[in-house]
Amino acid sequence: MATKQGTAVLQVIRRLVHKHADDHTPDRELLERFVEQRDEDAFSILVRRYGSMVMGVGLRLLHNRQDAEDVCQATFLLLAKKASTTSWRDSVGNWLYDVAYRVAQDALKAARRRKLHEGNRNPSPVPDAMADITLRDLQTVLDAELTRLPGRYR
């Protein structure tokens, strides 16, 4: 997802996420202004309103800031694409949440597929025999010490 245009969009999203929405214009009206007049300020207001929510969805599901930023970028790019093709309600928050959730789920699935594919290509390393012996010795000593404790402390 690291295209030149995508990087520019991500920089705008990062800047806008940290600002507070100060405009009370309904989302539908902002989208209409964006579609009909190519009003970037209208779109920026939507990013400020919902950017932290979208980012939060990505972080909660992916546990990685970079991946969450990719989800945020993809979600708002999709909003820009669909702004003229969807009949919108007064708020786009639910739509953005659903899209962010689906994009994050798709990212998780892709990561699992990648991991599985990479796992099939690379044989697992041979375990260190000395580390295994040391761990077994430690477990044996720990078990012996635990059995020496009075029952109420075990």
# chains A, B, ... in the order shown; residues from 1 in each chain; ligands from 1
>>> residues_around(residues="Leu108 in chain A", least_positions_apart="4", cutoff="7 Å", atoms="only C-alpha atoms", output="number ranges by chain")
A: 62, 104, 112
>>> write_last_selection(atoms="N, CA, C and O atoms", output="PDB file, in the first residue's frame")
ATOM      1  N   LEU A  62      -5.507  -5.350  14.914  1.00  0.00           N
ATOM      2  CA  LEU A  62      -4.212  -5.726  14.346  1.00  0.00           C
ATOM      3  C   LEU A  62      -3.045  -5.603  15.317  1.00  0.00           C
ATOM      4  O   LEU A  62      -1.991  -6.176  15.087  1.00  0.00           O
ATOM      5  N   ALA A 104      -9.631  -4.453   8.286  1.00  0.00           N
ATOM      6  CA  ALA A 104      -8.722  -5.024   9.291  1.00  0.00           C
ATOM      7  C   ALA A 104      -8.827  -6.550   9.312  1.00  0.00           C
ATOM      8  O   ALA A 104      -7.801  -7.240   9.421  1.00  0.00           O
ATOM      9  N   ARG A 112      -2.276 -14.126   8.072  1.00  0.00           N
ATOM     10  CA  ARG A 112      -2.283 -15.568   8.408  1.00  0.00           C
ATOM     11  C   ARG A 112      -1.895 -16.413   7.200  1.00  0.00           C
ATOM     12  O   ARG A 112      -1.139 -17.373   7.327  1.00  0.00           O
TER      13      ARG A 112
END
>>> closest_atom_pairs(of="range 64-133 of chain A", to="range 23-35 of chain A", cutoff="10 Å", atoms="only C-alpha atoms", output="JSON lines")
{"residue": "A:Leu79", "atom": "CA", "partner": "A:Leu31", "partner_atom": "CA", "distance": 9.2}
{"residue": "A:Ala80", "atom": "CA", "partner": "A:Phe34", "partner_atom": "CA", "distance": 8.5}
{"residue": "A:Lys81", "atom": "CA", "partner": "A:Val35", "partner_atom": "CA", "distance": 9.6}
{"residue": "A:Lys82", "atom": "CA", "partner": "A:Val35", "partner_atom": "CA", "distance": 9.6}
{"residue": "A:Ala83", "atom": "CA", "partner": "A:Leu31", "partner_atom": "CA", "distance": 6.2}
{"residue": "A:Ser84", "atom": "CA", "partner": "A:Val35", "partner_atom": "CA", "distance": 6.0}
{"residue": "A:Thr85", "atom": "CA", "partner": "A:Val35", "partner_atom": "CA", "distance": 9.8}
{"residue": "A:Ser87", "atom": "CA", "partner": "A:Arg28", "partner_atom": "CA", "distance": 8.8}
{"residue": "A:Trp88", "atom": "CA", "partner": "A:Arg28", "partner_atom": "CA", "distance": 5.9}
{"residue": "A:Arg89", "atom": "CA", "partner": "A:Arg28", "partner_atom": "CA", "distance": 6.2}
{"residue": "A:Asp90", "atom": "CA", "partner": "A:Arg28", "partner_atom": "CA", "distance": 5.1}
{"residue": "A:Ser91", "atom": "CA", "partner": "A:Asp27", "partner_atom": "CA", "distance": 5.1}
{"residue": "A:Val92", "atom": "CA", "partner": "A:Asp27", "partner_atom": "CA", "distance": 6.3}
{"residue": "A:Gly93", "atom": "CA", "partner": "A:Asp27", "partner_atom": "CA", "distance": 8.7}
>>> write_last_selection(atoms="N, CA, C and O atoms", output="mmCIF file, in the first residue's frame")
data_model
loop_
_atom_site.group_PDB
_atom_site.id
_atom_site.type_symbol
_atom_site.label_atom_id
_atom_site.label_comp_id
_atom_site.auth_asym_id
_atom_site.auth_seq_id
_atom_site.Cartn_x
_atom_site.Cartn_y
_atom_site.Cartn_z
ATOM 1 N N LEU A 79 -13.974 5.610 1.158
ATOM 2 C CA LEU A 79 -15.013 6.631 1.334
ATOM 3 C C LEU A 79 -14.944 7.648 0.196
ATOM 4 O O LEU A 79 -15.979 8.019 -0.366
ATOM 5 N N ALA A 80 -13.737 8.076 -0.164
ATOM 6 C CA ALA A 80 -13.592 9.045 -1.251
ATOM 7 C C ALA A 80 -14.112 8.462 -2.566
ATOM 8 O O ALA A 80 -14.762 9.161 -3.347
ATOM 9 N N LYS A 81 -13.851 7.172 -2.806
ATOM 10 C CA LYS A 81 -14.323 6.526 -4.027
ATOM 11 C C LYS A 81 -15.839 6.380 -4.049
ATOM 12 O O LYS A 81 -16.479 6.561 -5.066
ATOM 13 N N LYS A 82 -16.416 6.006 -2.912
ATOM 14 C CA LYS A 82 -17.842 5.702 -2.844
ATOM 15 C C LYS A 82 -18.707 6.914 -2.495
ATOM 16 O O LYS A 82 -19.922 6.792 -2.423
ATOM 17 N N ALA A 83 -18.103 8.053 -2.287
ATOM 18 C CA ALA A 83 -18.850 9.228 -1.838
ATOM 19 C C ALA A 83 -20.012 9.566 -2.770
ATOM 20 O O ALA A 83 -21.076 9.985 -2.318
ATOM 21 N N SER A 84 -19.837 9.356 -4.052
ATOM 22 C CA SER A 84 -20.889 9.726 -5.000
ATOM 23 C C SER A 84 -21.801 8.559 -5.369
ATOM 24 O O SER A 84 -22.846 8.767 -5.975
ATOM 25 N N THR A 85 -21.441 7.343 -5.001
ATOM 26 C CA THR A 85 -22.213 6.184 -5.451
ATOM 27 C C THR A 85 -23.142 5.606 -4.401
ATOM 28 O O THR A 85 -23.915 4.722 -4.701
ATOM 29 N N SER A 87 -26.046 6.149 -1.269
ATOM 30 C CA SER A 87 -26.974 7.105 -0.647
ATOM 31 C C SER A 87 -26.668 7.114 0.844
ATOM 32 O O SER A 87 -26.741 6.087 1.514
ATOM 33 N N TRP A 88 -26.301 8.265 1.338
ATOM 34 C CA TRP A 88 -25.802 8.389 2.696
ATOM 35 C C TRP A 88 -26.878 8.847 3.657
ATOM 36 O O TRP A 88 -27.769 9.600 3.290
ATOM 37 N N ARG A 89 -26.740 8.416 4.878
ATOM 38 C CA ARG A 89 -27.565 8.933 5.969
ATOM 39 C C ARG A 89 -26.892 10.190 6.490
ATOM 40 O O ARG A 89 -25.902 10.649 5.945
ATOM 41 N N ASP A 90 -27.419 10.728 7.572
ATOM 42 C CA ASP A 90 -26.814 11.942 8.129
ATOM 43 C C ASP A 90 -25.413 11.688 8.658
ATOM 44 O O ASP A 90 -24.585 12.584 8.688
ATOM 45 N N SER A 91 -25.123 10.466 9.103
ATOM 46 C CA SER A 91 -23.807 10.142 9.648
ATOM 47 C C SER A 91 -23.179 9.014 8.847
ATOM 48 O O SER A 91 -23.852 8.063 8.463
ATOM 49 N N VAL A 92 -21.884 9.115 8.596
ATOM 50 C CA VAL A 92 -21.161 8.047 7.911
ATOM 51 C C VAL A 92 -20.349 7.217 8.901
ATOM 52 O O VAL A 92 -19.633 6.309 8.512
ATOM 53 N N GLY A 93 -20.473 7.513 10.179
ATOM 54 C CA GLY A 93 -19.689 6.829 11.198
ATOM 55 C C GLY A 93 -19.873 5.321 11.193
ATOM 56 O O GLY A 93 -18.891 4.566 11.270
#
>>> residues_around(residues="range 94-100 of chain A", least_positions_apart="5", cutoff="7 Å", atoms="only C-alpha atoms", output="list in words")
Val54, Val57, Gly58, Val71, Cys72 and Thr75 of chain A
>>> select_by_dssp(residues="range 7-72 of chain A", states="helix (DSSP H, G or I)", output="PyMOL selection string")
chain A and resi 7-17+27-37+40-62+65-72
>>> write_last_selection(atoms="N, CA and C atoms", output="short mmCIF file (atom, residue, chain, number, x, y, z; two decimals), in the first residue's frame")
data_model
loop_
_atom_site.label_atom_id
_atom_site.label_comp_id
_atom_site.auth_asym_id
_atom_site.auth_seq_id
_atom_site.Cartn_x
_atom_site.Cartn_y
_atom_site.Cartn_z
N THR A 7 0.95 7.52 0.33
CA THR A 7 1.76 8.12 1.37
C THR A 7 1.29 9.54 1.66
N ALA A 8 0.95 10.28 0.60
CA ALA A 8 0.45 11.65 0.79
C ALA A 8 -0.88 11.64 1.53
N VAL A 9 -1.74 10.70 1.18
CA VAL A 9 -3.04 10.60 1.86
C VAL A 9 -2.83 10.25 3.33
N LEU A 10 -1.91 9.34 3.60
CA LEU A 10 -1.64 8.94 4.98
C LEU A 10 -1.11 10.12 5.79
N GLN A 11 -0.28 10.95 5.20
CA GLN A 11 0.22 12.11 5.92
C GLN A 11 -0.90 13.07 6.27
N VAL A 12 -1.82 13.26 5.35
CA VAL A 12 -2.97 14.13 5.62
C VAL A 12 -3.83 13.54 6.74
N ILE A 13 -4.06 12.24 6.67
CA ILE A 13 -4.87 11.58 7.70
C ILE A 13 -4.21 11.71 9.07
N ARG A 14 -2.91 11.49 9.14
CA ARG A 14 -2.20 11.61 10.42
C ARG A 14 -2.36 13.01 11.01
N ARG A 15 -2.20 14.03 10.17
CA ARG A 15 -2.34 15.40 10.65
C ARG A 15 -3.75 15.67 11.15
N LEU A 16 -4.71 15.18 10.42
CA LEU A 16 -6.09 15.51 10.74
C LEU A 16 -6.65 14.71 11.91
N VAL A 17 -6.13 13.51 12.12
CA VAL A 17 -6.64 12.67 13.20
C VAL A 17 -6.43 13.34 14.55
N ASP A 27 -22.75 14.99 8.07
CA ASP A 27 -21.84 14.23 7.22
C ASP A 27 -22.32 14.17 5.78
N ARG A 28 -23.60 13.97 5.59
CA ARG A 28 -24.15 13.86 4.25
C ARG A 28 -23.87 15.14 3.45
N GLU A 29 -24.05 16.28 4.09
CA GLU A 29 -23.79 17.55 3.42
C GLU A 29 -22.30 17.70 3.08
N LEU A 30 -21.45 17.28 3.98
CA LEU A 30 -20.00 17.33 3.72
C LEU A 30 -19.63 16.46 2.52
N LEU A 31 -20.23 15.28 2.46
CA LEU A 31 -19.95 14.39 1.33
C LEU A 31 -20.47 14.99 0.02
N GLU A 32 -21.63 15.62 0.08
CA GLU A 32 -22.17 16.27 -1.13
C GLU A 32 -21.24 17.38 -1.60
N ARG A 33 -20.71 18.16 -0.66
CA ARG A 33 -19.77 19.22 -1.03
C ARG A 33 -18.49 18.63 -1.62
N PHE A 34 -18.04 17.52 -1.05
CA PHE A 34 -16.84 16.88 -1.56
C PHE A 34 -17.06 16.37 -2.98
N VAL A 35 -18.21 15.75 -3.22
CA VAL A 35 -18.50 15.17 -4.54
C VAL A 35 -18.76 16.26 -5.57
N GLU A 36 -19.63 17.20 -5.24
CA GLU A 36 -20.07 18.19 -6.22
C GLU A 36 -19.05 19.28 -6.46
N GLN A 37 -18.34 19.70 -5.41
CA GLN A 37 -17.43 20.84 -5.54
C GLN A 37 -15.96 20.45 -5.38
N GLU A 40 -12.10 19.74 -0.59
CA GLU A 40 -11.22 18.92 0.24
C GLU A 40 -11.39 19.23 1.72
N ASP A 41 -11.77 20.47 2.04
CA ASP A 41 -11.99 20.83 3.45
C ASP A 41 -13.16 20.03 4.03
N ALA A 42 -14.18 19.79 3.23
CA ALA A 42 -15.32 19.01 3.69
C ALA A 42 -14.87 17.58 4.02
N PHE A 43 -14.04 17.02 3.16
CA PHE A 43 -13.54 15.67 3.41
C PHE A 43 -12.62 15.65 4.64
N SER A 44 -11.84 16.71 4.80
CA SER A 44 -10.95 16.82 5.95
C SER A 44 -11.72 16.81 7.27
N ILE A 45 -12.87 17.45 7.26
CA ILE A 45 -13.70 17.47 8.47
C ILE A 45 -14.13 16.06 8.82
N LEU A 46 -14.52 15.28 7.80
CA LEU A 46 -14.92 13.89 8.06
C LEU A 46 -13.75 13.07 8.61
N VAL A 47 -12.56 13.31 8.08
CA VAL A 47 -11.38 12.59 8.58
C VAL A 47 -11.12 12.97 10.03
N ARG A 48 -11.26 14.26 10.36
CA ARG A 48 -11.07 14.68 11.76
C ARG A 48 -12.12 14.05 12.67
N ARG A 49 -13.34 13.99 12.20
CA ARG A 49 -14.41 13.42 13.04
C ARG A 49 -14.22 11.95 13.31
N TYR A 50 -13.83 11.21 12.29
CA TYR A 50 -13.86 9.75 12.40
C TYR A 50 -12.50 9.08 12.31
N GLY A 51 -11.45 9.84 12.11
CA GLY A 51 -10.12 9.25 11.96
C GLY A 51 -9.66 8.46 13.17
N SER A 52 -9.89 9.00 14.36
CA SER A 52 -9.44 8.27 15.56
C SER A 52 -10.25 7.00 15.78
N MET A 53 -11.53 7.02 15.42
CA MET A 53 -12.34 5.81 15.55
C MET A 53 -11.84 4.73 14.59
N VAL A 54 -11.59 5.12 13.34
CA VAL A 54 -11.12 4.17 12.34
C VAL A 54 -9.75 3.63 12.74
N MET A 55 -8.87 4.51 13.20
CA MET A 55 -7.55 4.09 13.65
C MET A 55 -7.67 3.13 14.85
N GLY A 56 -8.59 3.43 15.75
CA GLY A 56 -8.79 2.56 16.91
C GLY A 56 -9.24 1.17 16.52
N VAL A 57 -10.11 1.07 15.54
CA VAL A 57 -10.55 -0.26 15.06
C VAL A 57 -9.34 -1.03 14.56
N GLY A 58 -8.52 -0.38 13.76
CA GLY A 58 -7.33 -1.05 13.23
C GLY A 58 -6.37 -1.48 14.32
N LEU A 59 -6.16 -0.61 15.31
CA LEU A 59 -5.25 -0.96 16.41
C LEU A 59 -5.78 -2.12 17.25
N ARG A 60 -7.08 -2.08 17.53
CA ARG A 60 -7.65 -3.16 18.36
C ARG A 60 -7.58 -4.51 17.68
N LEU A 61 -7.76 -4.53 16.38
CA LEU A 61 -7.76 -5.82 15.68
C LEU A 61 -6.37 -6.28 15.26
N LEU A 62 -5.51 -5.35 14.91
CA LEU A 62 -4.21 -5.73 14.35
C LEU A 62 -3.04 -5.60 15.32
N ARG A 65 0.66 -0.49 14.88
CA ARG A 65 0.34 0.88 14.44
C ARG A 65 0.43 1.04 12.93
N GLN A 66 1.45 0.49 12.32
CA GLN A 66 1.61 0.62 10.86
C GLN A 66 0.45 -0.05 10.13
N ASP A 67 0.07 -1.23 10.57
CA ASP A 67 -1.06 -1.92 9.94
C ASP A 67 -2.36 -1.16 10.16
N ALA A 68 -2.52 -0.57 11.34
CA ALA A 68 -3.72 0.22 11.64
C ALA A 68 -3.76 1.47 10.75
N GLU A 69 -2.60 2.07 10.50
CA GLU A 69 -2.55 3.22 9.60
C GLU A 69 -2.94 2.82 8.18
N ASP A 70 -2.54 1.62 7.76
CA ASP A 70 -2.94 1.12 6.45
C ASP A 70 -4.46 0.95 6.38
N VAL A 71 -5.05 0.44 7.45
CA VAL A 71 -6.50 0.28 7.51
C VAL A 71 -7.18 1.64 7.43
N CYS A 72 -6.66 2.60 8.15
CA CYS A 72 -7.22 3.95 8.16
C CYS A 72 -7.16 4.56 6.76
#
>>> atom_distance(atom1="CA of Gly119 in chain A", atom2="CA of Tyr101 in chain A")
26.7 Å
>>> decode(residues="range 42-90 of chain A", atoms="N, CA and C atoms", output="mmCIF file, in the first residue's frame")
data_model
loop_
_atom_site.group_PDB
_atom_site.id
_atom_site.type_symbol
_atom_site.label_atom_id
_atom_site.label_comp_id
_atom_site.auth_asym_id
_atom_site.auth_seq_id
_atom_site.Cartn_x
_atom_site.Cartn_y
_atom_site.Cartn_z
ATOM 1 N N ALA A 42 -14.181 19.794 3.229
ATOM 2 C CA ALA A 42 -15.324 19.007 3.687
ATOM 3 C C ALA A 42 -14.875 17.584 4.020
ATOM 4 N N PHE A 43 -14.038 17.015 3.160
ATOM 5 C CA PHE A 43 -13.538 15.665 3.411
ATOM 6 C C PHE A 43 -12.623 15.652 4.637
ATOM 7 N N SER A 44 -11.840 16.711 4.800
ATOM 8 C CA SER A 44 -10.945 16.815 5.955
ATOM 9 C C SER A 44 -11.719 16.808 7.266
ATOM 10 N N ILE A 45 -12.874 17.454 7.258
ATOM 11 C CA ILE A 45 -13.698 17.473 8.470
ATOM 12 C C ILE A 45 -14.134 16.061 8.815
ATOM 13 N N LEU A 46 -14.521 15.278 7.803
ATOM 14 C CA LEU A 46 -14.916 13.886 8.056
ATOM 15 C C LEU A 46 -13.750 13.070 8.605
ATOM 16 N N VAL A 47 -12.559 13.311 8.080
ATOM 17 C CA VAL A 47 -11.379 12.594 8.579
ATOM 18 C C VAL A 47 -11.118 12.974 10.029
ATOM 19 N N ARG A 48 -11.261 14.256 10.360
ATOM 20 C CA ARG A 48 -11.065 14.678 11.759
ATOM 21 C C ARG A 48 -12.116 14.051 12.666
ATOM 22 N N ARG A 49 -13.344 13.987 12.200
ATOM 23 C CA ARG A 49 -14.413 13.420 13.036
ATOM 24 C C ARG A 49 -14.217 11.947 13.310
ATOM 25 N N TYR A 50 -13.833 11.208 12.289
ATOM 26 C CA TYR A 50 -13.864 9.752 12.398
ATOM 27 C C TYR A 50 -12.496 9.079 12.311
ATOM 28 N N GLY A 51 -11.446 9.841 12.109
ATOM 29 C CA GLY A 51 -10.116 9.251 11.959
ATOM 30 C C GLY A 51 -9.661 8.459 13.167
ATOM 31 N N SER A 52 -9.889 8.998 14.362
ATOM 32 C CA SER A 52 -9.438 8.274 15.561
ATOM 33 C C SER A 52 -10.254 7.003 15.777
ATOM 34 N N MET A 53 -11.531 7.019 15.421
ATOM 35 C CA MET A 53 -12.342 5.811 15.552
ATOM 36 C C MET A 53 -11.835 4.731 14.593
ATOM 37 N N VAL A 54 -11.587 5.117 13.342
ATOM 38 C CA VAL A 54 -11.118 4.168 12.343
ATOM 39 C C VAL A 54 -9.749 3.629 12.743
ATOM 40 N N MET A 55 -8.875 4.506 13.201
ATOM 41 C CA MET A 55 -7.547 4.091 13.654
ATOM 42 C C MET A 55 -7.668 3.130 14.846
ATOM 43 N N GLY A 56 -8.590 3.428 15.748
ATOM 44 C CA GLY A 56 -8.795 2.561 16.909
ATOM 45 C C GLY A 56 -9.242 1.166 16.524
ATOM 46 N N VAL A 57 -10.111 1.066 15.537
ATOM 47 C CA VAL A 57 -10.550 -0.261 15.060
ATOM 48 C C VAL A 57 -9.342 -1.034 14.556
ATOM 49 N N GLY A 58 -8.517 -0.380 13.757
ATOM 50 C CA GLY A 58 -7.328 -1.046 13.234
ATOM 51 C C GLY A 58 -6.368 -1.479 14.322
ATOM 52 N N LEU A 59 -6.158 -0.614 15.309
ATOM 53 C CA LEU A 59 -5.248 -0.961 16.410
ATOM 54 C C LEU A 59 -5.775 -2.115 17.250
ATOM 55 N N ARG A 60 -7.079 -2.085 17.532
ATOM 56 C CA ARG A 60 -7.649 -3.156 18.360
ATOM 57 C C ARG A 60 -7.580 -4.508 17.679
ATOM 58 N N LEU A 61 -7.755 -4.534 16.380
ATOM 59 C CA LEU A 61 -7.760 -5.817 15.680
ATOM 60 C C LEU A 61 -6.370 -6.279 15.263
ATOM 61 N N LEU A 62 -5.507 -5.350 14.914
ATOM 62 C CA LEU A 62 -4.212 -5.726 14.346
ATOM 63 C C LEU A 62 -3.045 -5.603 15.317
ATOM 64 N N HIS A 63 -3.205 -4.809 16.380
ATOM 65 C CA HIS A 63 -2.164 -4.635 17.398
ATOM 66 C C HIS A 63 -0.842 -4.143 16.822
ATOM 67 N N ASN A 64 -0.918 -3.375 15.744
ATOM 68 C CA ASN A 64 0.284 -2.864 15.098
ATOM 69 C C ASN A 64 -0.066 -1.512 14.493
ATOM 70 N N ARG A 65 0.664 -0.495 14.884
ATOM 71 C CA ARG A 65 0.343 0.876 14.444
ATOM 72 C C ARG A 65 0.426 1.036 12.933
ATOM 73 N N GLN A 66 1.451 0.490 12.316
ATOM 74 C CA GLN A 66 1.609 0.622 10.862
ATOM 75 C C GLN A 66 0.445 -0.048 10.130
ATOM 76 N N ASP A 67 0.070 -1.231 10.567
ATOM 77 C CA ASP A 67 -1.057 -1.917 9.941
ATOM 78 C C ASP A 67 -2.357 -1.159 10.160
ATOM 79 N N ALA A 68 -2.522 -0.572 11.343
ATOM 80 C CA ALA A 68 -3.718 0.222 11.636
ATOM 81 C C ALA A 68 -3.755 1.466 10.749
ATOM 82 N N GLU A 69 -2.597 2.073 10.498
ATOM 83 C CA GLU A 69 -2.555 3.221 9.595
ATOM 84 C C GLU A 69 -2.944 2.821 8.181
ATOM 85 N N ASP A 70 -2.542 1.624 7.765
ATOM 86 C CA ASP A 70 -2.943 1.123 6.448
ATOM 87 C C ASP A 70 -4.456 0.953 6.376
ATOM 88 N N VAL A 71 -5.050 0.438 7.455
ATOM 89 C CA VAL A 71 -6.504 0.283 7.513
ATOM 90 C C VAL A 71 -7.177 1.640 7.430
ATOM 91 N N CYS A 72 -6.664 2.599 8.155
ATOM 92 C CA CYS A 72 -7.221 3.952 8.157
ATOM 93 C C CYS A 72 -7.159 4.557 6.759
ATOM 94 N N GLN A 73 -6.019 4.432 6.128
ATOM 95 C CA GLN A 73 -5.842 4.965 4.788
ATOM 96 C C GLN A 73 -6.800 4.295 3.810
ATOM 97 N N ALA A 74 -6.881 2.981 3.847
ATOM 98 C CA ALA A 74 -7.754 2.248 2.922
ATOM 99 C C ALA A 74 -9.221 2.610 3.137
ATOM 100 N N THR A 75 -9.605 2.782 4.387
ATOM 101 C CA THR A 75 -10.998 3.101 4.706
ATOM 102 C C THR A 75 -11.383 4.463 4.139
ATOM 103 N N PHE A 76 -10.539 5.466 4.337
ATOM 104 C CA PHE A 76 -10.876 6.797 3.842
ATOM 105 C C PHE A 76 -10.734 6.903 2.323
ATOM 106 N N LEU A 77 -9.835 6.133 1.737
ATOM 107 C CA LEU A 77 -9.767 6.098 0.280
ATOM 108 C C LEU A 77 -11.048 5.500 -0.296
ATOM 109 N N LEU A 78 -11.565 4.475 0.363
ATOM 110 C CA LEU A 78 -12.817 3.873 -0.077
ATOM 111 C C LEU A 78 -13.986 4.848 0.082
ATOM 112 N N LEU A 79 -13.974 5.610 1.158
ATOM 113 C CA LEU A 79 -15.013 6.631 1.334
ATOM 114 C C LEU A 79 -14.944 7.648 0.196
ATOM 115 N N ALA A 80 -13.737 8.076 -0.164
ATOM 116 C CA ALA A 80 -13.592 9.045 -1.251
ATOM 117 C C ALA A 80 -14.112 8.462 -2.566
ATOM 118 N N LYS A 81 -13.851 7.172 -2.806
ATOM 119 C CA LYS A 81 -14.323 6.526 -4.027
ATOM 120 C C LYS A 81 -15.839 6.380 -4.049
ATOM 121 N N LYS A 82 -16.416 6.006 -2.912
ATOM 122 C CA LYS A 82 -17.842 5.702 -2.844
ATOM 123 C C LYS A 82 -18.707 6.914 -2.495
ATOM 124 N N ALA A 83 -18.103 8.053 -2.287
ATOM 125 C CA ALA A 83 -18.850 9.228 -1.838
ATOM 126 C C ALA A 83 -20.012 9.566 -2.770
ATOM 127 N N SER A 84 -19.837 9.356 -4.052
ATOM 128 C CA SER A 84 -20.889 9.726 -5.000
ATOM 129 C C SER A 84 -21.801 8.559 -5.369
ATOM 130 N N THR A 85 -21.441 7.343 -5.001
ATOM 131 C CA THR A 85 -22.213 6.184 -5.451
ATOM 132 C C THR A 85 -23.142 5.606 -4.401
ATOM 133 N N THR A 86 -23.066 6.077 -3.201
ATOM 134 C CA THR A 86 -23.858 5.521 -2.107
ATOM 135 C C THR A 86 -24.824 6.578 -1.605
ATOM 136 N N SER A 87 -26.046 6.149 -1.269
ATOM 137 C CA SER A 87 -26.974 7.105 -0.647
ATOM 138 C C SER A 87 -26.668 7.114 0.844
ATOM 139 N N TRP A 88 -26.301 8.265 1.338
ATOM 140 C CA TRP A 88 -25.802 8.389 2.696
ATOM 141 C C TRP A 88 -26.878 8.847 3.657
ATOM 142 N N ARG A 89 -26.740 8.416 4.878
ATOM 143 C CA ARG A 89 -27.565 8.933 5.969
ATOM 144 C C ARG A 89 -26.892 10.190 6.490
ATOM 145 N N ASP A 90 -27.419 10.728 7.572
ATOM 146 C CA ASP A 90 -26.814 11.942 8.129
ATOM 147 C C ASP A 90 -25.413 11.688 8.658
#
